[in-house]
Amino acid sequence: MDVPKGVIPAIRSMKNFDRALETKHETIIFLETRLGQLKSMVDYAKRANKKVLIHFDLIQGLKADEYGMEFLIHEIKPDGILSTRANVISLAKKHKLLAIQRMFLLDSLALDHNLKLIERSRPDCIEVLPGLMPSMIEQIYENTKLPLIAGGLITTEEDVRNALDAGAIAISTSKKDLWDLL
């Protein structure tokens, strides 16, 4: 799967699931869900011709190890994985899934730590959170040369434009008002 571009609807609850399927975007992200619901949600999304990315760390009932990844791949069949954990990113890449490393920008120490993780795990893409700092988006791209998704705290069309202008190739957002952009 190619790294998605534009706005990517991120689903936090079932009430937003149907709305995300109605958008023109070909990719959606499942953020928080229970393992028992996941297969039917992914199957339903795929019937609606959506590619599905799953935030591995936020699946309740799934362990972040080789067996958890094997279960996810063979039973759930997502198109890609998001995670803050380097071992999960490495497992996703090993199994030929799109691997997106989530990076939380808390301070300069967190930035340095995340850049080292990214150097080791070499994800296909990085999601930068919060996505409201254009200068950090530029800096991270310069350091990694990997495609960037901006996410977290993006609430306006201007936020979307600023992140894209800074070099992000996509925006992930659970804010439904922004799902119809791009």
# chains A, B, ... in the order shown; residues from 1 in each chain; ligands from 1
call {"tool": "residues_around", "arguments": {"residues": "range 151-158 of chain A", "least_positions_apart": "4", "cutoff": "8 Å", "atoms": "only C-alpha atoms", "output": "list in words"}}
result
Glu127, Val128, Leu129, Pro130, Gly131, Leu132, Asn162, Ile171, Ser172, Thr173, Lys175, Leu178 and Leu181 of chain A
call {"tool": "residues_around", "arguments": {"residues": "range 18-31 of chain A", "least_positions_apart": "3", "cutoff": "7 Å", "atoms": "only C-alpha atoms", "output": "ChimeraX atom specification"}}
result
/A:4,8-12,15,45,48-55,58,179-180
call {"tool": "closest_residue", "arguments": {"among": "A:Ile100, A:Asn143, A:Ile73, A:Arg85", "to": "Asp112 in chain A", "atoms": "only C-alpha atoms"}}
result
A:Asn143
call {"tool": "residues_around", "arguments": {"residues": "Gln139 in chain A", "least_positions_apart": "6", "cutoff": "10 Å", "atoms": "only C-alpha atoms", "output": "tab-separated table (two decimals) with N, CA and C atoms, in the first residue's frame"}}
result
chain	number	residue	atom	x	y	z
A	145	LYS	N	13.89	12.24	5.88
A	145	LYS	CA	13.53	12.09	4.45
A	145	LYS	C	12.40	11.08	4.24
A	166	ALA	N	3.95	22.90	5.05
A	166	ALA	CA	5.22	22.64	5.72
A	166	ALA	C	5.87	21.34	5.24
A	167	GLY	N	5.12	20.55	4.45
A	167	GLY	CA	5.71	19.34	3.90
A	167	GLY	C	5.00	18.05	4.25
call {"tool": "select_by_dssp", "arguments": {"residues": "range 33-105 of chain A", "states": "helix (DSSP H, G or I)", "output": "VMD selection string"}}
result
chain A and resid 35 to 47 56 to 58 66 to 76 86 to 94
call {"tool": "closest_residue", "arguments": {"among": "A:Ile76, A:Met136, A:Ile169, A:Leu148", "to": "Arg102 in chain A", "atoms": "only C-alpha atoms"}}
result
A:Leu148
call {"tool": "select_by_dssp", "arguments": {"residues": "chain A", "states": "strand (DSSP E)", "output": "VMD selection string"}}
result
chain A and resid 6 to 11 27 to 30 33 to 34 51 to 55 59 to 60 80 to 83 98 to 104 125 to 129 148 to 151 170 to 173
call {"tool": "closest_residue", "arguments": {"among": "A:His113, A:Glu70, A:Gln60, A:Tyr141", "to": "Ile126 in chain A", "atoms": "only C-alpha atoms"}}
result
A:Tyr141
call {"tool": "residues_around", "arguments": {"residues": "His95 in chain A", "least_positions_apart": "3", "cutoff": "10 Å", "atoms": "only C-alpha atoms", "output": "NGL selection string"}}
result
:A and (69-70 or 73 or 89-92 or 98-99)
